[in-house]
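Dropping entry-v4.pdb in here (PDB, N, CA and C atoms and all ligand atoms):
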ATOM      1  N   MET A   1       8.824  13.433  28.444  1.00  0.00           N
ATOM      2  CA  MET A   1       9.202  12.348  27.520  1.00  0.00           C
ATOM      3  C   MET A   1       7.961  11.582  27.080  1.00  0.00           C
ATOM      4  N   ARG A   2       7.131  11.248  28.065  1.00  0.00           N
ATOM      5  CA  ARG A   2       5.901  10.517  27.768  1.00  0.00           C
ATOM      6  C   ARG A   2       4.973  11.369  26.903  1.00  0.00           C
ATOM      7  N   GLY A   3       4.957  12.664  27.186  1.00  0.00           N
ATOM      8  CA  GLY A   3       4.122  13.570  26.394  1.00  0.00           C
ATOM      9  C   GLY A   3       4.574  13.635  24.951  1.00  0.00           C
ATOM     10  N   THR A   4       5.894  13.647  24.736  1.00  0.00           N
ATOM     11  CA  THR A   4       6.442  13.693  23.387  1.00  0.00           C
ATOM     12  C   THR A   4       6.060  12.440  22.603  1.00  0.00           C
ATOM     13  N   LEU A   5       6.176  11.293  23.271  1.00  0.00           N
ATOM     14  CA  LEU A   5       5.825  10.028  22.609  1.00  0.00           C
ATOM     15  C   LEU A   5       4.349  10.009  22.224  1.00  0.00           C
ATOM     16  N   THR A   6       3.510  10.512  23.125  1.00  0.00           N
ATOM     17  CA  THR A   6       2.075  10.559  22.849  1.00  0.00           C
ATOM     18  C   THR A   6       1.797  11.456  21.651  1.00  0.00           C
ATOM     19  N   ALA A   7       2.486  12.622  21.602  1.00  0.00           N
ATOM     20  CA  ALA A   7       2.301  13.554  20.492  1.00  0.00           C
ATOM     21  C   ALA A   7       2.717  12.910  19.170  1.00  0.00           C
ATOM     22  N   ILE A   8       3.848  12.206  19.181  1.00  0.00           N
ATOM     23  CA  ILE A   8       4.336  11.539  17.961  1.00  0.00           C
ATOM     24  C   ILE A   8       3.329  10.478  17.514  1.00  0.00           C
ATOM     25  N   ALA A   9       2.784   9.731  18.494  1.00  0.00           N
ATOM     26  CA  ALA A   9       1.804   8.683  18.178  1.00  0.00           C
ATOM     27  C   ALA A   9       0.552   9.285  17.560  1.00  0.00           C
ATOM     28  N   ILE A  10       0.111  10.429  18.095  1.00  0.00           N
ATOM     29  CA  ILE A  10      -1.097  11.081  17.574  1.00  0.00           C
ATOM     30  C   ILE A  10      -0.859  11.561  16.143  1.00  0.00           C
ATOM     31  N   VAL A  11       0.308  12.184  15.908  1.00  0.00           N
ATOM     32  CA  VAL A  11       0.635  12.693  14.564  1.00  0.00           C
ATOM     33  C   VAL A  11       0.741  11.532  13.577  1.00  0.00           C
ATOM     34  N   ALA A  12       1.412  10.440  14.007  1.00  0.00           N
ATOM     35  CA  ALA A  12       1.579   9.270  13.139  1.00  0.00           C
ATOM     36  C   ALA A  12       0.218   8.673  12.794  1.00  0.00           C
ATOM     37  N   ALA A  13      -0.671   8.604  13.780  1.00  0.00           N
ATOM     38  CA  ALA A  13      -2.012   8.051  13.548  1.00  0.00           C
ATOM     39  C   ALA A  13      -2.785   8.937  12.579  1.00  0.00           C
ATOM     40  N   ALA A  14      -2.635  10.262  12.735  1.00  0.00           N
ATOM     41  CA  ALA A  14      -3.338  11.194  11.860  1.00  0.00           C
ATOM     42  C   ALA A  14      -2.838  11.069  10.419  1.00  0.00           C
ATOM     43  N   VAL A  15      -1.500  10.983  10.254  1.00  0.00           N
ATOM     44  CA  VAL A  15      -0.912  10.851   8.920  1.00  0.00           C
ATOM     45  C   VAL A  15      -1.353   9.540   8.283  1.00  0.00           C
ATOM     46  N   LEU A  16      -1.336   8.465   9.071  1.00  0.00           N
ATOM     47  CA  LEU A  16      -1.727   7.145   8.576  1.00  0.00           C
ATOM     48  C   LEU A  16      -3.209   7.153   8.180  1.00  0.00           C
ATOM     49  N   GLY A  17      -4.032   7.768   9.002  1.00  0.00           N
ATOM     50  CA  GLY A  17      -5.460   7.842   8.714  1.00  0.00           C
ATOM     51  C   GLY A  17      -5.723   8.633   7.445  1.00  0.00           C
ATOM     52  N   TYR A  18      -4.976   9.736   7.280  1.00  0.00           N
ATOM     53  CA  TYR A  18      -5.143  10.556   6.079  1.00  0.00           C
ATOM     54  C   TYR A  18      -4.690   9.796   4.842  1.00  0.00           C
ATOM     55  N   ALA A  19      -3.562   9.097   4.943  1.00  0.00           N
ATOM     56  CA  ALA A  19      -3.049   8.318   3.819  1.00  0.00           C
ATOM     57  C   ALA A  19      -4.047   7.230   3.445  1.00  0.00           C
ATOM     58  N   LEU A  20      -4.636   6.605   4.440  1.00  0.00           N
ATOM     59  CA  LEU A  20      -5.618   5.543   4.207  1.00  0.00           C
ATOM     60  C   LEU A  20      -6.862   6.106   3.528  1.00  0.00           C
ATOM     61  N   SER A  21      -7.319   7.257   3.990  1.00  0.00           N
ATOM     62  CA  SER A  21      -8.521   7.853   3.405  1.00  0.00           C
ATOM     63  C   SER A  21      -8.246   8.309   1.976  1.00  0.00           C
ATOM     64  N   CYS A  22      -6.991   8.719   1.697  1.00  0.00           N
ATOM     65  CA  CYS A  22      -6.619   9.117   0.336  1.00  0.00           C
ATOM     66  C   CYS A  22      -6.588   7.890  -0.575  1.00  0.00           C
ATOM     67  N   ALA A  23      -6.193   6.746  -0.028  1.00  0.00           N
ATOM     68  CA  ALA A  23      -6.133   5.514  -0.819  1.00  0.00           C
ATOM     69  C   ALA A  23      -7.542   5.029  -1.136  1.00  0.00           C
ATOM     70  N   VAL A  24      -8.460   5.193  -0.175  1.00  0.00           N
ATOM     71  CA  VAL A  24      -9.832   4.719  -0.360  1.00  0.00           C
ATOM     72  C   VAL A  24     -10.606   5.669  -1.263  1.00  0.00           C
ATOM     73  N   ARG A  25     -10.463   6.980  -0.979  1.00  0.00           N
ATOM     74  CA  ARG A  25     -11.192   7.972  -1.777  1.00  0.00           C
ATOM     75  C   ARG A  25     -10.215   9.022  -2.288  1.00  0.00           C
ATOM     76  N   PRO A  26      -9.560   8.767  -3.439  1.00  0.00           N
ATOM     77  CA  PRO A  26      -8.553   9.706  -3.952  1.00  0.00           C
ATOM     78  C   PRO A  26      -9.142  11.025  -4.436  1.00  0.00           C
ATOM     79  N   TYR A  27     -10.424  11.043  -4.716  1.00  0.00           N
ATOM     80  CA  TYR A  27     -11.041  12.266  -5.230  1.00  0.00           C
ATOM     81  C   TYR A  27     -11.977  12.865  -4.193  1.00  0.00           C
ATOM     82  N   ARG A  28     -12.068  14.171  -4.228  1.00  0.00           N
ATOM     83  CA  ARG A  28     -13.049  14.846  -3.377  1.00  0.00           C
ATOM     84  C   ARG A  28     -13.796  15.852  -4.243  1.00  0.00           C
ATOM     85  N   ASP A  29     -14.946  16.279  -3.756  1.00  0.00           N
ATOM     86  CA  ASP A  29     -15.736  17.250  -4.496  1.00  0.00           C
ATOM     87  C   ASP A  29     -14.974  18.561  -4.631  1.00  0.00           C
ATOM     88  N   CYS A  30     -15.121  19.176  -5.794  1.00  0.00           N
ATOM     89  CA  CYS A  30     -14.498  20.475  -6.039  1.00  0.00           C
ATOM     90  C   CYS A  30     -15.081  21.496  -5.069  1.00  0.00           C
ATOM     91  N   TRP A  31     -14.212  22.305  -4.463  1.00  0.00           N
ATOM     92  CA  TRP A  31     -14.680  23.273  -3.458  1.00  0.00           C
ATOM     93  C   TRP A  31     -15.427  24.433  -4.107  1.00  0.00           C
ATOM     94  N   LEU A  32     -15.156  24.651  -5.396  1.00  0.00           N
ATOM     95  CA  LEU A  32     -15.732  25.824  -6.052  1.00  0.00           C
ATOM     96  C   LEU A  32     -17.165  25.563  -6.523  1.00  0.00           C
ATOM     97  N   CYS A  33     -17.383  24.400  -7.155  1.00  0.00           N
ATOM     98  CA  CYS A  33     -18.704  24.117  -7.722  1.00  0.00           C
ATOM     99  C   CYS A  33     -19.440  23.064  -6.916  1.00  0.00           C
ATOM    100  N   ASP A  34     -18.852  22.595  -5.802  1.00  0.00           N
ATOM    101  CA  ASP A  34     -19.507  21.623  -4.920  1.00  0.00           C
ATOM    102  C   ASP A  34     -19.741  20.281  -5.603  1.00  0.00           C
ATOM    103  N   GLY A  35     -18.857  19.916  -6.530  1.00  0.00           N
ATOM    104  CA  GLY A  35     -18.946  18.611  -7.171  1.00  0.00           C
ATOM    105  C   GLY A  35     -19.888  18.550  -8.360  1.00  0.00           C
ATOM    106  N   LYS A  36     -20.480  19.702  -8.727  1.00  0.00           N
ATOM    107  CA  LYS A  36     -21.440  19.701  -9.832  1.00  0.00           C
ATOM    108  C   LYS A  36     -20.748  19.845 -11.196  1.00  0.00           C
ATOM    109  N   GLY A  37     -19.526  20.413 -11.196  1.00  0.00           N
ATOM    110  CA  GLY A  37     -18.786  20.566 -12.439  1.00  0.00           C
ATOM    111  C   GLY A  37     -19.116  21.834 -13.208  1.00  0.00           C
ATOM    112  N   HIS A  38     -20.081  22.576 -12.726  1.00  0.00           N
ATOM    113  CA  HIS A  38     -20.440  23.837 -13.392  1.00  0.00           C
ATOM    114  C   HIS A  38     -21.007  24.780 -12.342  1.00  0.00           C
ATOM    115  N   HIS A  39     -21.002  26.032 -12.644  1.00  0.00           N
ATOM    116  CA  HIS A  39     -21.667  26.972 -11.748  1.00  0.00           C
ATOM    117  C   HIS A  39     -22.292  28.106 -12.529  1.00  0.00           C
ATOM    118  N   ARG A  40     -23.179  28.792 -11.863  1.00  0.00           N
ATOM    119  CA  ARG A  40     -23.974  29.813 -12.531  1.00  0.00           C
ATOM    120  C   ARG A  40     -23.254  31.156 -12.497  1.00  0.00           C
ATOM    121  N   ALA A  41     -23.447  31.868 -13.581  1.00  0.00           N
ATOM    122  CA  ALA A  41     -22.861  33.196 -13.663  1.00  0.00           C
ATOM    123  C   ALA A  41     -23.614  34.143 -12.732  1.00  0.00           C
ATOM    124  N   LYS A  42     -22.892  35.114 -12.188  1.00  0.00           N
ATOM    125  CA  LYS A  42     -23.513  36.035 -11.228  1.00  0.00           C
ATOM    126  C   LYS A  42     -24.536  36.944 -11.908  1.00  0.00           C
ATOM    127  N   SER A  43     -24.230  37.348 -13.155  1.00  0.00           N
ATOM    128  CA  SER A  43     -25.099  38.291 -13.839  1.00  0.00           C
ATOM    129  C   SER A  43     -26.368  37.613 -14.360  1.00  0.00           C
ATOM    130  N   ASN A  44     -26.206  36.380 -14.887  1.00  0.00           N
ATOM    131  CA  ASN A  44     -27.350  35.671 -15.458  1.00  0.00           C
ATOM    132  C   ASN A  44     -27.512  34.328 -14.753  1.00  0.00           C
ATOM    133  N   ARG A  45     -28.548  34.203 -13.941  1.00  0.00           N
ATOM    134  CA  ARG A  45     -28.751  33.008 -13.112  1.00  0.00           C
ATOM    135  C   ARG A  45     -29.017  31.762 -13.962  1.00  0.00           C
ATOM    136  N   LYS A  46     -29.588  31.927 -15.141  1.00  0.00           N
ATOM    137  CA  LYS A  46     -29.931  30.779 -15.983  1.00  0.00           C
ATOM    138  C   LYS A  46     -28.707  30.247 -16.712  1.00  0.00           C
ATOM    139  N   LEU A  47     -27.716  31.105 -16.887  1.00  0.00           N
ATOM    140  CA  LEU A  47     -26.517  30.725 -17.636  1.00  0.00           C
ATOM    141  C   LEU A  47     -25.608  29.882 -16.731  1.00  0.00           C
ATOM    142  N   SER A  48     -25.259  28.699 -17.192  1.00  0.00           N
ATOM    143  CA  SER A  48     -24.390  27.809 -16.442  1.00  0.00           C
ATOM    144  C   SER A  48     -23.137  27.543 -17.264  1.00  0.00           C
ATOM    145  N   ARG A  49     -21.995  27.654 -16.614  1.00  0.00           N
ATOM    146  CA  ARG A  49     -20.745  27.409 -17.345  1.00  0.00           C
ATOM    147  C   ARG A  49     -19.875  26.402 -16.609  1.00  0.00           C
ATOM    148  N   PRO A  50     -19.029  25.683 -17.366  1.00  0.00           N
ATOM    149  CA  PRO A  50     -18.165  24.692 -16.709  1.00  0.00           C
ATOM    150  C   PRO A  50     -17.252  25.339 -15.694  1.00  0.00           C
ATOM    151  N   CYS A  51     -16.995  24.630 -14.634  1.00  0.00           N
ATOM    152  CA  CYS A  51     -16.133  25.131 -13.567  1.00  0.00           C
ATOM    153  C   CYS A  51     -14.696  25.238 -14.084  1.00  0.00           C
ATOM    154  N   TRP A  52     -14.063  26.368 -13.859  1.00  0.00           N
ATOM    155  CA  TRP A  52     -12.690  26.559 -14.357  1.00  0.00           C
ATOM    156  C   TRP A  52     -11.680  25.876 -13.446  1.00  0.00           C
ATOM    157  N   TRP A  53     -12.061  25.621 -12.213  1.00  0.00           N
ATOM    158  CA  TRP A  53     -11.118  25.026 -11.252  1.00  0.00           C
ATOM    159  C   TRP A  53     -10.927  23.526 -11.504  1.00  0.00           C
ATOM    160  N   CYS A  54     -12.045  22.791 -11.697  1.00  0.00           N
ATOM    161  CA  CYS A  54     -11.958  21.345 -11.921  1.00  0.00           C
ATOM    162  C   CYS A  54     -12.170  21.014 -13.392  1.00  0.00           C
ATOM    163  N   LYS A  55     -12.297  22.024 -14.241  1.00  0.00           N
ATOM    164  CA  LYS A  55     -12.499  21.867 -15.685  1.00  0.00           C
ATOM    165  C   LYS A  55     -13.754  21.058 -15.995  1.00  0.00           C
ATOM    166  N   GLY A  56     -14.788  21.269 -15.195  1.00  0.00           N
ATOM    167  CA  GLY A  56     -16.076  20.642 -15.460  1.00  0.00           C
ATOM    168  C   GLY A  56     -16.219  19.232 -14.932  1.00  0.00           C
ATOM    169  N   ALA A  57     -15.178  18.698 -14.306  1.00  0.00           N
ATOM    170  CA  ALA A  57     -15.237  17.314 -13.820  1.00  0.00           C
ATOM    171  C   ALA A  57     -15.995  17.222 -12.496  1.00  0.00           C
ATOM    172  N   GLY A  58     -15.959  18.267 -11.695  1.00  0.00           N
ATOM    173  CA  GLY A  58     -16.633  18.253 -10.394  1.00  0.00           C
ATOM    174  C   GLY A  58     -15.826  17.582  -9.301  1.00  0.00           C
ATOM    175  N   LYS A  59     -14.723  16.928  -9.683  1.00  0.00           N
ATOM    176  CA  LYS A  59     -13.890  16.226  -8.699  1.00  0.00           C
ATOM    177  C   LYS A  59     -12.454  16.736  -8.790  1.00  0.00           C
ATOM    178  N   ARG A  60     -11.805  16.736  -7.652  1.00  0.00           N
ATOM    179  CA  ARG A  60     -10.399  17.129  -7.604  1.00  0.00           C
ATOM    180  C   ARG A  60      -9.608  16.035  -6.903  1.00  0.00           C
ATOM    181  N   LEU A  61      -8.397  15.788  -7.414  1.00  0.00           N
ATOM    182  CA  LEU A  61      -7.515  14.825  -6.766  1.00  0.00           C
ATOM    183  C   LEU A  61      -7.043  15.417  -5.446  1.00  0.00           C
ATOM    184  N   ARG A  62      -7.085  14.622  -4.387  1.00  0.00           N
ATOM    185  CA  ARG A  62      -6.703  15.132  -3.069  1.00  0.00           C
ATOM    186  C   ARG A  62      -5.192  15.313  -2.990  1.00  0.00           C
ATOM    187  N   TYR A  63      -4.755  16.196  -2.090  1.00  0.00           N
ATOM    188  CA  TYR A  63      -3.326  16.541  -1.979  1.00  0.00           C
ATOM    189  C   TYR A  63      -2.488  15.311  -1.652  1.00  0.00           C
ATOM    190  N   GLY A  64      -2.991  14.486  -0.747  1.00  0.00           N
ATOM    191  CA  GLY A  64      -2.255  13.285  -0.350  1.00  0.00           C
ATOM    192  C   GLY A  64      -2.041  12.355  -1.535  1.00  0.00           C
ATOM    193  N   ARG A  65      -3.074  12.211  -2.357  1.00  0.00           N
ATOM    194  CA  ARG A  65      -2.993  11.335  -3.518  1.00  0.00           C
ATOM    195  C   ARG A  65      -2.044  11.929  -4.570  1.00  0.00           C
ATOM    196  N   ARG A  66      -2.076  13.261  -4.704  1.00  0.00           N
ATOM    197  CA  ARG A  66      -1.190  13.923  -5.670  1.00  0.00           C
ATOM    198  C   ARG A  66       0.270  13.697  -5.275  1.00  0.00           C
ATOM    199  N   LEU A  67       0.554  13.809  -3.984  1.00  0.00           N
ATOM    200  CA  LEU A  67       1.910  13.551  -3.476  1.00  0.00           C
ATOM    201  C   LEU A  67       2.310  12.108  -3.768  1.00  0.00           C
ATOM    202  N   TRP A  68       1.365  11.192  -3.530  1.00  0.00           N
ATOM    203  CA  TRP A  68       1.611   9.759  -3.745  1.00  0.00           C
ATOM    204  C   TRP A  68       1.925   9.505  -5.217  1.00  0.00           C
ATOM    205  N   ASN A  69       1.118  10.088  -6.116  1.00  0.00           N
ATOM    206  CA  ASN A  69       1.335   9.902  -7.552  1.00  0.00           C
ATOM    207  C   ASN A  69       2.698  10.434  -7.959  1.00  0.00           C
ATOM    208  N   ARG A  70       3.087  11.591  -7.420  1.00  0.00           N
ATOM    209  CA  ARG A  70       4.379  12.189  -7.758  1.00  0.00           C
ATOM    210  C   ARG A  70       5.523  11.293  -7.273  1.00  0.00           C
ATOM    211  N   ALA A  71       5.361  10.756  -6.063  1.00  0.00           N
ATOM    212  CA  ALA A  71       6.386   9.867  -5.508  1.00  0.00           C
ATOM    213  C   ALA A  71       6.529   8.619  -6.380  1.00  0.00           C
ATOM    214  N   ARG A  72       5.387   8.074  -6.830  1.00  0.00           N
ATOM    215  CA  ARG A  72       5.388   6.887  -7.687  1.00  0.00           C
ATOM    216  C   ARG A  72       6.118   7.187  -9.000  1.00  0.00           C
ATOM    217  N   ARG A  73       5.839   8.384  -9.576  1.00  0.00           N
ATOM    218  CA  ARG A  73       6.433   8.761 -10.858  1.00  0.00           C
ATOM    219  C   ARG A  73       7.944   8.882 -10.709  1.00  0.00           C
ATOM    220  N   VAL A  74       8.389   9.530  -9.636  1.00  0.00           N
ATOM    221  CA  VAL A  74       9.823   9.695  -9.394  1.00  0.00           C
ATOM    222  C   VAL A  74      10.481   8.329  -9.259  1.00  0.00           C
ATOM    223  N   HIS A  75       9.831   7.448  -8.516  1.00  0.00           N
ATOM    224  CA  HIS A  75      10.341   6.091  -8.290  1.00  0.00           C
ATOM    225  C   HIS A  75      10.458   5.338  -9.621  1.00  0.00           C
ATOM    226  N   ARG A  76       9.408   5.440 -10.449  1.00  0.00           N
ATOM    227  CA  ARG A  76       9.372   4.736 -11.731  1.00  0.00           C
ATOM    228  C   ARG A  76      10.445   5.280 -12.686  1.00  0.00           C
ATOM    229  N   ASP A  77      10.537   6.624 -12.751  1.00  0.00           N
ATOM    230  CA  ASP A  77      11.534   7.243 -13.631  1.00  0.00           C
ATOM    231  C   ASP A  77      12.928   6.836 -13.228  1.00  0.00           C
ATOM    232  N   ALA A  78      13.187   6.746 -11.926  1.00  0.00           N
ATOM    233  CA  ALA A  78      14.504   6.337 -11.443  1.00  0.00           C
ATOM    234  C   ALA A  78      14.802   4.908 -11.870  1.00  0.00           C
ATOM    235  N   GLY A  79      13.759   4.060 -11.874  1.00  0.00           N
ATOM    236  CA  GLY A  79      13.932   2.678 -12.279  1.00  0.00           C
ATOM    237  C   GLY A  79      14.247   2.548 -13.761  1.00  0.00           C
ATOM    238  N   VAL A  80      13.623   3.416 -14.596  1.00  0.00           N
ATOM    239  CA  VAL A  80      13.818   3.376 -16.041  1.00  0.00           C
ATOM    240  C   VAL A  80      15.231   3.830 -16.404  1.00  0.00           C
ATOM    241  N   ALA A  81      15.727   4.859 -15.678  1.00  0.00           N
ATOM    242  CA  ALA A  81      17.022   5.459 -16.012  1.00  0.00           C
ATOM    243  C   ALA A  81      18.179   4.489 -15.752  1.00  0.00           C
ATOM    244  N   ARG A  82      17.960   3.538 -14.841  1.00  0.00           N
ATOM    245  CA  ARG A  82      19.055   2.636 -14.483  1.00  0.00           C
ATOM    246  C   ARG A  82      19.426   1.660 -15.575  1.00  0.00           C
TER     247      ARG A  82
HETATM  248 ZN    ZN B   1     -15.391  22.703  -9.873  1.00  0.00          ZN
END
What would the structure in this file look like if it were written as C-alpha cells?
Ligand SMILES: [Zn+2]
Amino acid sequence: MRGTLTAIAIVAAAVLGYALSCAVRPYRDCWLCDGKGHHRAKSNRKLSRPCWWCKGAGKRLRYGRRLWNRARRVHRDAGVAR
C-alpha cells in the first residue's frame, strides 16, 4: 500500500514537473536540424535547405504544450456553442 502511494506521488510529481517545464519553455529545438532551421544536403555540403520538419523555424512545440493548446481550444469552443 505504501509502495503504491509512493509510486503515485512520483508519477504525479513527474507529470507536474513536465507540465511546469512546458509552461516555462513551450518550444524545444527541432530534433532534425538541431534548432538551426535548415540542414545540408547529403550530396552537396554547401547547399543548405530549410528543414521540412519544423518548416525552417528551428523550433517545435512540445507535446505537453500541444495537448494544453488542444484542451484550451476544446474548452473555448464549448463555451462559444452554449
Ligand atoms: Zn528542423
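Applied to the file shown here, the PyMOL selection byres (((chain A and resi 64-76) around 7) and not hetatm) selects the residues Tyr18, Ala19, Cys22, Ala23, Pro26, Leu61, Arg62, Tyr63, Asp77, Ala78, Gly79, Val80 and Ala81 of chain A.
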Could you write out that same residue set with N, CA and C atoms as a compact mmCIF listing (two decimals), in the frame of the given file?
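Saved the output as result_31.txt:
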# COMPACT_ATOMS: atom_id res chain seq x y z
N TYR A 18 -4.98 9.74 7.28
CA TYR A 18 -5.14 10.56 6.08
C TYR A 18 -4.69 9.80 4.84
N ALA A 19 -3.56 9.10 4.94
CA ALA A 19 -3.05 8.32 3.82
C ALA A 19 -4.05 7.23 3.44
N CYS A 22 -6.99 8.72 1.70
CA CYS A 22 -6.62 9.12 0.34
C CYS A 22 -6.59 7.89 -0.57
N ALA A 23 -6.19 6.75 -0.03
CA ALA A 23 -6.13 5.51 -0.82
C ALA A 23 -7.54 5.03 -1.14
N PRO A 26 -9.56 8.77 -3.44
CA PRO A 26 -8.55 9.71 -3.95
C PRO A 26 -9.14 11.02 -4.44
N LEU A 61 -8.40 15.79 -7.41
CA LEU A 61 -7.52 14.82 -6.77
C LEU A 61 -7.04 15.42 -5.45
N ARG A 62 -7.08 14.62 -4.39
CA ARG A 62 -6.70 15.13 -3.07
C ARG A 62 -5.19 15.31 -2.99
N TYR A 63 -4.76 16.20 -2.09
CA TYR A 63 -3.33 16.54 -1.98
C TYR A 63 -2.49 15.31 -1.65
N ASP A 77 10.54 6.62 -12.75
CA ASP A 77 11.53 7.24 -13.63
C ASP A 77 12.93 6.84 -13.23
N ALA A 78 13.19 6.75 -11.93
CA ALA A 78 14.50 6.34 -11.44
C ALA A 78 14.80 4.91 -11.87
N GLY A 79 13.76 4.06 -11.87
CA GLY A 79 13.93 2.68 -12.28
C GLY A 79 14.25 2.55 -13.76
N VAL A 80 13.62 3.42 -14.60
CA VAL A 80 13.82 3.38 -16.04
C VAL A 80 15.23 3.83 -16.40
N ALA A 81 15.73 4.86 -15.68
CA ALA A 81 17.02 5.46 -16.01
C ALA A 81 18.18 4.49 -15.75
Around ligand ZN 1 (chain B), which protein and nucleic acid residues have at least one atom no more than 6.5 Å from it, if we count only N, CA and C atoms and all ligand atoms? List them as a ChimeraX atom specification. /A:30-38,51-59
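Atom N of Leu20 of chain A lies 15.8 Å from atom C of Ile8 of chain A.
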Would you mind reading off the distance between atom CA of Ala7 of chain A and atom CA of Val24 of chain A, one decimal, in Å? 25.7 Å
What residues in chain A get the DSSP label strand (DSSP E or B)? Please answer as a list in words. Tyr27, Arg28, Asp29, His38, His39, Arg40, Ser48, Arg49, Pro50, Lys59, Arg60 and Leu61 of chain A
Using DSSP on the backbone, list every residue of chain A that comes out as helix (DSSP H, G or I), and give them as a compact mmCIF listing (two decimals) with N, CA and C atoms, keeping the file's coordinate frame.
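Result file selection_24.txt:
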# COMPACT_ATOMS: atom_id res chain seq x y z
N ARG A 2 7.13 11.25 28.06
CA ARG A 2 5.90 10.52 27.77
C ARG A 2 4.97 11.37 26.90
N GLY A 3 4.96 12.66 27.19
CA GLY A 3 4.12 13.57 26.39
C GLY A 3 4.57 13.64 24.95
N THR A 4 5.89 13.65 24.74
CA THR A 4 6.44 13.69 23.39
C THR A 4 6.06 12.44 22.60
N LEU A 5 6.18 11.29 23.27
CA LEU A 5 5.82 10.03 22.61
C LEU A 5 4.35 10.01 22.22
N THR A 6 3.51 10.51 23.12
CA THR A 6 2.08 10.56 22.85
C THR A 6 1.80 11.46 21.65
N ALA A 7 2.49 12.62 21.60
CA ALA A 7 2.30 13.55 20.49
C ALA A 7 2.72 12.91 19.17
N ILE A 8 3.85 12.21 19.18
CA ILE A 8 4.34 11.54 17.96
C ILE A 8 3.33 10.48 17.51
N ALA A 9 2.78 9.73 18.49
CA ALA A 9 1.80 8.68 18.18
C ALA A 9 0.55 9.28 17.56
N ILE A 10 0.11 10.43 18.10
CA ILE A 10 -1.10 11.08 17.57
C ILE A 10 -0.86 11.56 16.14
N VAL A 11 0.31 12.18 15.91
CA VAL A 11 0.64 12.69 14.56
C VAL A 11 0.74 11.53 13.58
N ALA A 12 1.41 10.44 14.01
CA ALA A 12 1.58 9.27 13.14
C ALA A 12 0.22 8.67 12.79
N ALA A 13 -0.67 8.60 13.78
CA ALA A 13 -2.01 8.05 13.55
C ALA A 13 -2.78 8.94 12.58
N ALA A 14 -2.64 10.26 12.74
CA ALA A 14 -3.34 11.19 11.86
C ALA A 14 -2.84 11.07 10.42
N VAL A 15 -1.50 10.98 10.25
CA VAL A 15 -0.91 10.85 8.92
C VAL A 15 -1.35 9.54 8.28
N LEU A 16 -1.34 8.46 9.07
CA LEU A 16 -1.73 7.14 8.58
C LEU A 16 -3.21 7.15 8.18
N GLY A 17 -4.03 7.77 9.00
CA GLY A 17 -5.46 7.84 8.71
C GLY A 17 -5.72 8.63 7.44
N TYR A 18 -4.98 9.74 7.28
CA TYR A 18 -5.14 10.56 6.08
C TYR A 18 -4.69 9.80 4.84
N ALA A 19 -3.56 9.10 4.94
CA ALA A 19 -3.05 8.32 3.82
C ALA A 19 -4.05 7.23 3.44
N LEU A 20 -4.64 6.60 4.44
CA LEU A 20 -5.62 5.54 4.21
C LEU A 20 -6.86 6.11 3.53
N SER A 21 -7.32 7.26 3.99
CA SER A 21 -8.52 7.85 3.40
C SER A 21 -8.25 8.31 1.98
N CYS A 22 -6.99 8.72 1.70
CA CYS A 22 -6.62 9.12 0.34
C CYS A 22 -6.59 7.89 -0.57
N ALA A 23 -6.19 6.75 -0.03
CA ALA A 23 -6.13 5.51 -0.82
C ALA A 23 -7.54 5.03 -1.14
N VAL A 24 -8.46 5.19 -0.18
CA VAL A 24 -9.83 4.72 -0.36
C VAL A 24 -10.61 5.67 -1.26
N TYR A 63 -4.76 16.20 -2.09
CA TYR A 63 -3.33 16.54 -1.98
C TYR A 63 -2.49 15.31 -1.65
N GLY A 64 -2.99 14.49 -0.75
CA GLY A 64 -2.26 13.28 -0.35
C GLY A 64 -2.04 12.36 -1.54
N ARG A 65 -3.07 12.21 -2.36
CA ARG A 65 -2.99 11.34 -3.52
C ARG A 65 -2.04 11.93 -4.57
N ARG A 66 -2.08 13.26 -4.70
CA ARG A 66 -1.19 13.92 -5.67
C ARG A 66 0.27 13.70 -5.28
N LEU A 67 0.55 13.81 -3.98
CA LEU A 67 1.91 13.55 -3.48
C LEU A 67 2.31 12.11 -3.77
N TRP A 68 1.36 11.19 -3.53
CA TRP A 68 1.61 9.76 -3.74
C TRP A 68 1.92 9.51 -5.22
N ASN A 69 1.12 10.09 -6.12
CA ASN A 69 1.34 9.90 -7.55
C ASN A 69 2.70 10.43 -7.96
N ARG A 70 3.09 11.59 -7.42
CA ARG A 70 4.38 12.19 -7.76
C ARG A 70 5.52 11.29 -7.27
N ALA A 71 5.36 10.76 -6.06
CA ALA A 71 6.39 9.87 -5.51
C ALA A 71 6.53 8.62 -6.38
N ARG A 72 5.39 8.07 -6.83
CA ARG A 72 5.39 6.89 -7.69
C ARG A 72 6.12 7.19 -9.00
N ARG A 73 5.84 8.38 -9.58
CA ARG A 73 6.43 8.76 -10.86
C ARG A 73 7.94 8.88 -10.71
N VAL A 74 8.39 9.53 -9.64
CA VAL A 74 9.82 9.70 -9.39
C VAL A 74 10.48 8.33 -9.26
N HIS A 75 9.83 7.45 -8.52
CA HIS A 75 10.34 6.09 -8.29
C HIS A 75 10.46 5.34 -9.62
N ARG A 76 9.41 5.44 -10.45
CA ARG A 76 9.37 4.74 -11.73
C ARG A 76 10.44 5.28 -12.69
N ASP A 77 10.54 6.62 -12.75
CA ASP A 77 11.53 7.24 -13.63
C ASP A 77 12.93 6.84 -13.23
N ALA A 78 13.19 6.75 -11.93
CA ALA A 78 14.50 6.34 -11.44
C ALA A 78 14.80 4.91 -11.87
N GLY A 79 13.76 4.06 -11.87
CA GLY A 79 13.93 2.68 -12.28
C GLY A 79 14.25 2.55 -13.76
N VAL A 80 13.62 3.42 -14.60
CA VAL A 80 13.82 3.38 -16.04
C VAL A 80 15.23 3.83 -16.40
N ALA A 81 15.73 4.86 -15.68
CA ALA A 81 17.02 5.46 -16.01
C ALA A 81 18.18 4.49 -15.75
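When atom N of Arg28 of chain A is paired with atom CA of Asn44 of chain A, their separation reads 28.7 Å.
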Which centre and edge lengths in Å to one decimal define the box along x, y and z that fits every listed atom of segment 41-47 of chain A plus 8 Å per side, as JSON?
{"center_x": -26.4, "center_y": 34.1, "center_z": -14.4, "size_x": 23.1, "size_y": 24.4, "size_z": 22.4}
